[in-house]
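Below is one structure, written out as structure tokens; comments come after it.
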There are 2 protein chains.
Amino acid sequence: MEATVENEARRKLLHEEVATRIGSLIEQGTYRAGERIPSIRELSRKMHVSINTVMEAYSHLENVGMVEARPQSGYYVRGRLPEPAIKPAKDPAEEELVACCVSLDEIPLRIMRNISDRSLVPLGAGIPNSELLPIDKLNRMLGTESRRFRVQSVSYAGGRGVKRLRVQIAKRALDYGCTVKPEDIVVTSGCVEAVSLALQATCHPGDTVAMASPVYYTFLHSIQWLGLKLLEIPATPREGMNVEILDYALRHTPVHACLLVSNFNNPIGSVMPEEKKRGLVALLAKHDIPLIEDDVYGDLAFGPERPTAVKAYDAKGLVLYCSSFSKTLAPGYRVGWILPGRYDPKVRQLKALFNIASATPTQLAVAEYLTNGGYDHHLRAIRRVYNLQVAKMRDAVGRLFPPGTTVTRPDGGFILWVEMPEGVDGYKLYEEALKKGIGIAPGSLFTMTGDRYRNCIRLNAAFWSERVEQALETVGEMAGRMVGGVA
Amino acid sequence: MEATVENEARRKLLHEEVATRIGSLIEQGTYRAGERIPSIRELSRKMHVSINTVMEAYSHLENVGMVEARPQSGYYVRGRLPEPAIKPAKDPAEEELVACCVSLDEIPLRIMRNISDRSLVPLGAGIPNSELLPIDKLNRMLGTESRRFRVQSVSYAGGRGVKRLRVQIAKRALDYGCTVKPEDIVVTSGCVEAVSLALQATCHPGDTVAMASPVYYTFLHSIQWLGLKLLEIPATPREGMNVEILDYALRHTPVHACLLVSNFNNPIGSVMPEEKKRGLVALLAKHDIPLIEDDVYGDLAFGPERPTAVKAYDAKGLVLYCSSFSKTLAPGYRVGWILPGRYDPKVRQLKALFNIASATPTQLAVAEYLTNGGYDHHLRAIRRVYNLQVAKMRDAVGRLFPPGTTVTRPDGGFILWVEMPEGVDGYKLYEEALKKGIGIAPGSLFTMTGDRYRNCIRLNAAFWSERVEQALETVGEMAGRMVGGVA
């Protein structure tokens with residue numbers, strides 16, 4: 001029995017490895033769109049793996065939309081939509097690197113409020129699909145754990161949060177390259193609270209925060225409320241924030257903190273390459289500038305390896321690492337955490353001032369789930385689903401949106417960034433879609449630099465279904481009419 | 001069966017009424033310390049109630065320390081400790097009414113951190129006794145409700161919080177004189193978060209907040225972090241904030257918000273009389289100044305009537321009413337609420353920015369408890385216990401502390417404010433007590449005006465036990481040594 005499980009696990013790893021290898025050959029252009037990849041038999045011989053393993057690997061590549069099977073002929077590389085460039089880096093000196101006050105008027109604020117309206121087709125909000133969450137197990141553990149720790153369950157969790165939970169978080173920090181003790185962690189009510197505490201622990205009103213552009217709109221709103229200034233640094237869907245341009249900016253303008261969604265970035269899906277992560281930490285350390293890292297999508301990697309945190313390279317305690325279980329387990333449980341590094345005393349003080357502590361019972365339930373609930377197994381399952389759904393949505397955008405549309409190709413998470421031809425106005429598209437009961441997030445929400453993402457929208461692939469596909473078709477048609485032609 | 005329950009309830013009300021009447025005669029001085037009150041038989045005849053009812057009433061008065069039974073002789077009024085004056089109001093013009101920046105140094109910050117240390121005898125922190133909370137019922141409801149609302153339980157609760165909970169909160173708002181709809185409520189992670197949101201929704205850095213002195217130390221800390229200035233307004237244990245002095249202050253110094261613990265004030269136990277509440281609202285309305293009302297102890301009235309909220313007199317939406325279930329049900333559930341009045345949009349925005357929403361499962365459990373758990377019954381039970389414990393602790397302070405000590409006589413809650421003779425230093429007393437494993441809150445924590453409460457401490461009567469009494473004896477002896485004599 002034991003051996004069978006082990007063999008099963010080994011075989012799974014093997015087919016994942018095969019898929020990754022062939023996938024990367026496609027990514028790198030060794031096999032181009034329309035080209036035939038090796039036959040199953042051929043690859044099985046070359047790679048010394050079973051026919052079954054290759055079949056599983058190919059089936060996976062097919063699911064994620066990288067290849068297609070042609071009957072009686074074999075597997076072929078599918079045509080792909082290009083990824084959006086999002087302002088390719090120019091000479092930094094030519095970039096408009098000016099810190100600005102954030103001042104959101106009524107339109108974006110209204111959209112931010114409406115975007116999570118549950119009556120809409122959920123293409124807009126960045127929330128996970130509750131059908132993919134381990135609802136019953138978690139709710140059961142909520143009951144058992146509150147009975148097991150009956151007095152603790154109704155009592156304040158203490159300034160850092162429930163110890164059992166912090167032990168589990170500390171163990172899992174190894175997955176993203178961090179060695180931390182339970183005493184290095186402060187439990188928060190989700191990642192948004194962690195980032196909010198981090199901003200307030202590092203900045204004073206009037207200070208400037210550097211962020212990769214486009215910027216997750218909630219952060220824009222936070223920066224406005226805290227009276228901070230924003231410096232938008234160009235980023236690309238492949239590498240994230242352009243560290244060279246940040247370097248240039250730091251030499252020319254005062255910056256007091258840097259805020260980054262490091263892995264499977266919201267909204268552009270980027271994962272900063274390891275060398276860039278290392279470089280970013282070194283650069284900020286040189287200037288003694290704190291980095292607030294939001295890694296809330298990190299556990300949703302499609303590949304076998306979860307990317308490391310920028311925090312993994314932090315030797316000076318300058319990185320405040322923020323994350324939560326809201327994308328993978330239960331947003332309603334409000335369980336997140338922060339590794340505040342040298343800002344630990346301030347973060348703890350702020351947490352105590354704001355709400356003393358986060359709710360105890362949901363911390364106990366998540367702690368138990370991490371210990372005995374099969375979190376890794378669950379992660380593998382939802383990663384596979386999100387991978388598939390992201391591929392399907394990318395494919396649908398290619399079919400349904402006007403020519404010239406590009407879409408990101410994230411390696412994790414469930415967020416897509418769509419750049420449509422000039423002439424499509426994301427705000428107008430949002431308004432029209434809203435009338436049809438469809439929620440999308442217009443690109444202009446993600447910047448303070450006016451028109452930069454006017455022709456962009458952010459989509460959520462987590463809820464992929466026929467209904468979502470139909471909604472996407474509707475939005476695509478609307479966009480098509482805006483460019484004045486037929487899609 | 002039905003009739004028996006009703007009779008039982010009527011008899012209960014009756015004995016409470018008898019106790020209240022005799023109690024108020026004692027309060028007003030009709031019966032003085034040492035005097036004999038009417039015999040049981042006599043009062044039964046006079047008030048047309050049964051012997052049993054009078055016996056229960058007298059037993060209650062005995063329990064709360066107002067009378068004592070002398071064998072073969074009857075019931076006598078007990079001697080009482082005087083209440084501390086806490087800076088009796090002088091001519092307002094003589095008060096030092098200067099708004100100051102709050103700047104807490106390491107000592108108070110360290111004490112605030114240590115005060116809730118669970119290894120200490122809990123005389124310091126303002127937390128309820130978990131043995132008096134309906135732990136098992138709440139934890140059971142946590143299980144049943146999360147199963148009943150399985151998807152909702154793991155999902156975001158929405159910007160205002162769980163509707164079922166808000167319906168219950170709206171119903172109960174009648175108890176404190178407020179007529180509100182579920183749509184007027186924003187659920188928060190406890191009362192501290194509600195006050196924090198209220199401060200940020202009403203004030204900008206540099207603004208001045210007027211507060212009754214002594215000030216609950218967490219608010220001092222919040223005001224410091226938010227970069228606000230504090231104007232301390234004198235208050236008395238009977239009437240709370242001196243509204244006349246506030247009136248004078250408003251005419252001479254700019255004030256941007258007023259923050260008040262209205263009922264069973266922390267730390268001095270005051271309940272502002274109805275007329276003063278009405279006057280306060282009118283005064284602030286004249287100046288268009290928002291009032292942040294913290295009513296977290298309001299449900300813990302010892303008498304049959306719960307005091308009204310200041311909010312009850314608010315016609316202009318200027319009062320932001322804040323409360324929670326942390327003192328009565330479960331601090332660890334982190335369920336509180338705010339009625340933000342005209343500041344509703346700002347409060348909702350801030351809540352969304354800070355942590356999106358509070359945890360859903362604990363909101364569901366509290367909603368069910370309020371609907372079917374017997375909250376009123378529970379309240380009656382813990383009010384009785386706290387009443388008794390407060391009386392016992394007052395009595396013990398009288399016996400164990402040096403002559404000249406005064407102590408407040410709150411009509412609700414479980415907090416006592418003790419003023420000791422000049423010469424006793426609260427900070428030193430705190431340090432000495434800490435060495436013996438006893439936690440107390442030194443008076444100097446509650447002000448920014450230097451020495452004003454140097455010879456005061458705040459005590460928590462919620463955990464009354466032999467161990468607590470012994471700890472109190474130890475602290476009393478320490479204080480006695482500080483005045484240089486024998487207690």
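Letters A, B, ... mark the chains of the structure tokens in the order given; residue numbers begin at 1 per chain; ligand numbers begin at 1, in order shown.
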Counting only C-alpha atoms, what are the residues of chain B within 8 Å of chain A, and for each of them which pair of atoms is the nearest and at what distance in Å, to one decimal? Sort the table by chain and rising number, as JSON lines.
```
{"residue": "B:Ser130", "atom": "CA", "partner": "A:Val151", "partner_atom": "CA", "distance": 6.9}
{"residue": "B:Ile135", "atom": "CA", "partner": "A:Val154", "partner_atom": "CA", "distance": 6.7}
{"residue": "B:Asp136", "atom": "CA", "partner": "A:Arg150", "partner_atom": "CA", "distance": 7.0}
{"residue": "B:Asn139", "atom": "CA", "partner": "A:Ser146", "partner_atom": "CA", "distance": 5.7}
{"residue": "B:Arg140", "atom": "CA", "partner": "A:Gly143", "partner_atom": "CA", "distance": 6.8}
{"residue": "B:Leu142", "atom": "CA", "partner": "A:Gly143", "partner_atom": "CA", "distance": 6.2}
{"residue": "B:Gly143", "atom": "CA", "partner": "A:Gly143", "partner_atom": "CA", "distance": 4.1}
{"residue": "B:Thr144", "atom": "CA", "partner": "A:Gly143", "partner_atom": "CA", "distance": 7.7}
{"residue": "B:Ser146", "atom": "CA", "partner": "A:Asn139", "partner_atom": "CA", "distance": 5.7}
{"residue": "B:Arg147", "atom": "CA", "partner": "A:Asn139", "partner_atom": "CA", "distance": 6.3}
{"residue": "B:Arg150", "atom": "CA", "partner": "A:Ile135", "partner_atom": "CA", "distance": 6.7}
{"residue": "B:Val151", "atom": "CA", "partner": "A:Ile135", "partner_atom": "CA", "distance": 6.8}
{"residue": "B:Gln152", "atom": "CA", "partner": "A:Gly332", "partner_atom": "CA", "distance": 7.7}
{"residue": "B:Ser153", "atom": "CA", "partner": "A:Gly332", "partner_atom": "CA", "distance": 6.3}
{"residue": "B:Val154", "atom": "CA", "partner": "A:Gly332", "partner_atom": "CA", "distance": 4.4}
{"residue": "B:Ser155", "atom": "CA", "partner": "A:Gly332", "partner_atom": "CA", "distance": 4.0}
{"residue": "B:Tyr156", "atom": "CA", "partner": "A:Gly332", "partner_atom": "CA", "distance": 4.2}
{"residue": "B:Ala157", "atom": "CA", "partner": "A:Gly332", "partner_atom": "CA", "distance": 6.3}
{"residue": "B:Ser189", "atom": "CA", "partner": "A:Asn355", "partner_atom": "CA", "distance": 5.9}
{"residue": "B:Gly190", "atom": "CA", "partner": "A:Asn355", "partner_atom": "CA", "distance": 6.3}
{"residue": "B:Cys191", "atom": "CA", "partner": "A:Asn355", "partner_atom": "CA", "distance": 7.8}
{"residue": "B:Val192", "atom": "CA", "partner": "A:Asn355", "partner_atom": "CA", "distance": 5.4}
{"residue": "B:Glu193", "atom": "CA", "partner": "A:Asn355", "partner_atom": "CA", "distance": 4.6}
{"residue": "B:Ser196", "atom": "CA", "partner": "A:Phe354", "partner_atom": "CA", "distance": 6.0}
{"residue": "B:Thr218", "atom": "CA", "partner": "A:Leu353", "partner_atom": "CA", "distance": 6.7}
{"residue": "B:His221", "atom": "CA", "partner": "A:Leu353", "partner_atom": "CA", "distance": 7.2}
{"residue": "B:Ser222", "atom": "CA", "partner": "A:Leu353", "partner_atom": "CA", "distance": 6.0}
{"residue": "B:Leu329", "atom": "CA", "partner": "A:Val154", "partner_atom": "CA", "distance": 8.0}
{"residue": "B:Ala330", "atom": "CA", "partner": "A:Val154", "partner_atom": "CA", "distance": 4.7}
{"residue": "B:Pro331", "atom": "CA", "partner": "A:Ser155", "partner_atom": "CA", "distance": 5.4}
{"residue": "B:Gly332", "atom": "CA", "partner": "A:Ser155", "partner_atom": "CA", "distance": 4.0}
{"residue": "B:Tyr333", "atom": "CA", "partner": "A:Ala359", "partner_atom": "CA", "distance": 4.9}
{"residue": "B:Arg334", "atom": "CA", "partner": "A:Ala359", "partner_atom": "CA", "distance": 5.2}
{"residue": "B:Leu353", "atom": "CA", "partner": "A:Ser222", "partner_atom": "CA", "distance": 6.0}
{"residue": "B:Phe354", "atom": "CA", "partner": "A:Glu193", "partner_atom": "CA", "distance": 5.0}
{"residue": "B:Asn355", "atom": "CA", "partner": "A:Glu193", "partner_atom": "CA", "distance": 4.6}
{"residue": "B:Ile356", "atom": "CA", "partner": "A:Val192", "partner_atom": "CA", "distance": 7.2}
{"residue": "B:Ala357", "atom": "CA", "partner": "A:Arg334", "partner_atom": "CA", "distance": 7.8}
{"residue": "B:Ser358", "atom": "CA", "partner": "A:Arg334", "partner_atom": "CA", "distance": 6.7}
{"residue": "B:Ala359", "atom": "CA", "partner": "A:Tyr333", "partner_atom": "CA", "distance": 4.9}
{"residue": "B:Thr360", "atom": "CA", "partner": "A:Gly332", "partner_atom": "CA", "distance": 5.2}
{"residue": "B:Pro361", "atom": "CA", "partner": "A:Tyr333", "partner_atom": "CA", "distance": 7.0}
{"residue": "B:Thr362", "atom": "CA", "partner": "A:Pro361", "partner_atom": "CA", "distance": 7.6}
```
What's around Gly126 of chain A at 12 Å? Count only C-alpha atoms, leave out sequence neighbours fewer than 2 positions away in its own chain, and write the answer as an NGL selection string. (:A and (112 or 115-117 or 122-124 or 128-129 or 216-218 or 265-267 or 296-297 or 326-327 or 331 or 413-417 or 439-441 or 458-463)) or (:B and (156))
Quick one: of A:Asn455, A:Ser39, A:Ser44, A:Ser103, who's nearest to Val18 of chain A, counting only C-alpha atoms?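 When distances to Val18 of chain A are compared using only C-alpha atoms, the smallest one comes from A:Ser44.
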Report, in Å with one decimal, the straight-line distance from atom CA of Gly374 of chain B to atom CA of Lys171 of chain B.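 Here the two named atoms are 14.4 Å from each other.
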Segment 231-313 of chain A: which residues are helix (DSSP H, G or I) by DSSP, as a PyMOL selection string? chain A and resi 243-252+274-287+298-300+310-313
As a VMD selection string, please: every residue in segment 154-364 of chain B that a backbone DSSP assignment puts in strand (DSSP E). chain B and resid 186 to 188 208 to 213 229 to 236 240 to 241 257 to 261 291 to 294 319 to 324 336 to 339
From the options A:Pro71, A:Pro273, A:Gly240, A:Gly65, which residue's atoms come nearest to Gln389 of chain A, counting only C-alpha atoms?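 Among the listed residues, the smallest separation from Gln389 of chain A belongs to A:Gly65.
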For a test of reading the model, state the distance in Å between atom CA of Thr208 of chain A and atom CA of Val255 of chain A, rounded to one decimal.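 Those two atoms sit 5.0 Å apart.
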To one decimal in Å, tell me the separation between atom CA of Asp376 of chain A and atom CA of Ala57 of chain A.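 Separation of atom CA of Asp376 of chain A and atom CA of Ala57 of chain A: 20.5 Å.
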Tell me which protein, DNA and RNA residues are within 7 Å of Pro340 of chain A, counting only C-alpha atoms, leaving out same-chain ones fewer than 3 positions away, and put them as a VMD selection string. chain A and resid 319 to 321 343 to 344 347
Please identify all polymer residues within 10 Å of Gly279 of chain A, counting only C-alpha atoms, omitting same-chain residues fewer than 6 positions from it, and present them as a ChimeraX atom specification. /A:243-244,247,273,285,310,313
Restricting it to all heavy atoms, dump the selection as a compact mmCIF listing (two decimals), in the first residue's frame.
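Okay, result.txt is ready:
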```
# COMPACT_ATOMS: atom_id res chain seq x y z
N VAL A 243 14.13 46.65 -12.29
CA VAL A 243 15.02 47.02 -11.19
C VAL A 243 16.03 48.09 -11.63
O VAL A 243 16.44 48.94 -10.84
CB VAL A 243 15.73 45.77 -10.61
CG1 VAL A 243 16.68 46.14 -9.49
CG2 VAL A 243 14.69 44.77 -10.10
N GLU A 244 16.41 48.07 -12.92
CA GLU A 244 17.35 49.08 -13.41
C GLU A 244 16.71 50.47 -13.32
O GLU A 244 17.36 51.45 -12.95
CB GLU A 244 17.75 48.80 -14.87
CG GLU A 244 18.62 47.56 -15.05
CD GLU A 244 17.84 46.27 -14.87
OE1 GLU A 244 16.65 46.22 -15.24
OE2 GLU A 244 18.43 45.30 -14.32
N ASP A 247 16.61 51.55 -9.79
CA ASP A 247 17.95 51.99 -9.43
C ASP A 247 18.16 53.45 -9.84
O ASP A 247 18.57 54.30 -9.04
CB ASP A 247 18.97 51.07 -10.12
CG ASP A 247 20.40 51.38 -9.68
OD1 ASP A 247 20.56 52.19 -8.75
OD2 ASP A 247 21.33 50.82 -10.29
N PRO A 273 12.51 37.24 -11.70
CA PRO A 273 13.52 36.18 -11.72
C PRO A 273 14.44 36.27 -10.48
O PRO A 273 14.62 37.35 -9.91
CB PRO A 273 14.32 36.48 -13.00
CG PRO A 273 13.43 37.35 -13.82
CD PRO A 273 12.59 38.12 -12.86
N ALA A 285 18.88 47.63 0.05
CA ALA A 285 19.73 47.61 1.24
C ALA A 285 20.75 48.74 1.17
O ALA A 285 21.05 49.38 2.18
CB ALA A 285 20.42 46.25 1.38
N VAL A 310 11.16 37.35 -2.31
CA VAL A 310 12.26 38.32 -2.28
C VAL A 310 12.88 38.30 -0.89
O VAL A 310 14.09 38.40 -0.71
CB VAL A 310 11.74 39.74 -2.62
CG1 VAL A 310 12.88 40.75 -2.56
CG2 VAL A 310 11.09 39.76 -4.01
N TYR A 313 16.18 36.66 0.25
CA TYR A 313 17.51 37.25 0.05
C TYR A 313 17.82 38.36 1.05
O TYR A 313 18.83 39.04 0.95
CB TYR A 313 17.63 37.79 -1.38
CG TYR A 313 17.41 36.70 -2.41
CD1 TYR A 313 16.20 36.59 -3.09
CD2 TYR A 313 18.40 35.76 -2.65
CE1 TYR A 313 15.99 35.58 -4.01
CE2 TYR A 313 18.21 34.73 -3.56
CZ TYR A 313 17.00 34.64 -4.24
OH TYR A 313 16.81 33.63 -5.13
```
Distance query Leu13 of chain A at most 12 Å, only C-alpha atoms, self and fewer than 6 positions along chain excluded, as a PyMOL selection string: chain A and resi 6-7+19-20+49+53-54+56-57+303-305+380
Select, from A:Met47, A:Ala301, A:Ile268, A:Ile185, the residue with the minimum atom-to-atom distance to Thr408 of chain A, counting only C-alpha atoms.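 Closest to Thr408 of chain A of all the choices is A:Ile268.
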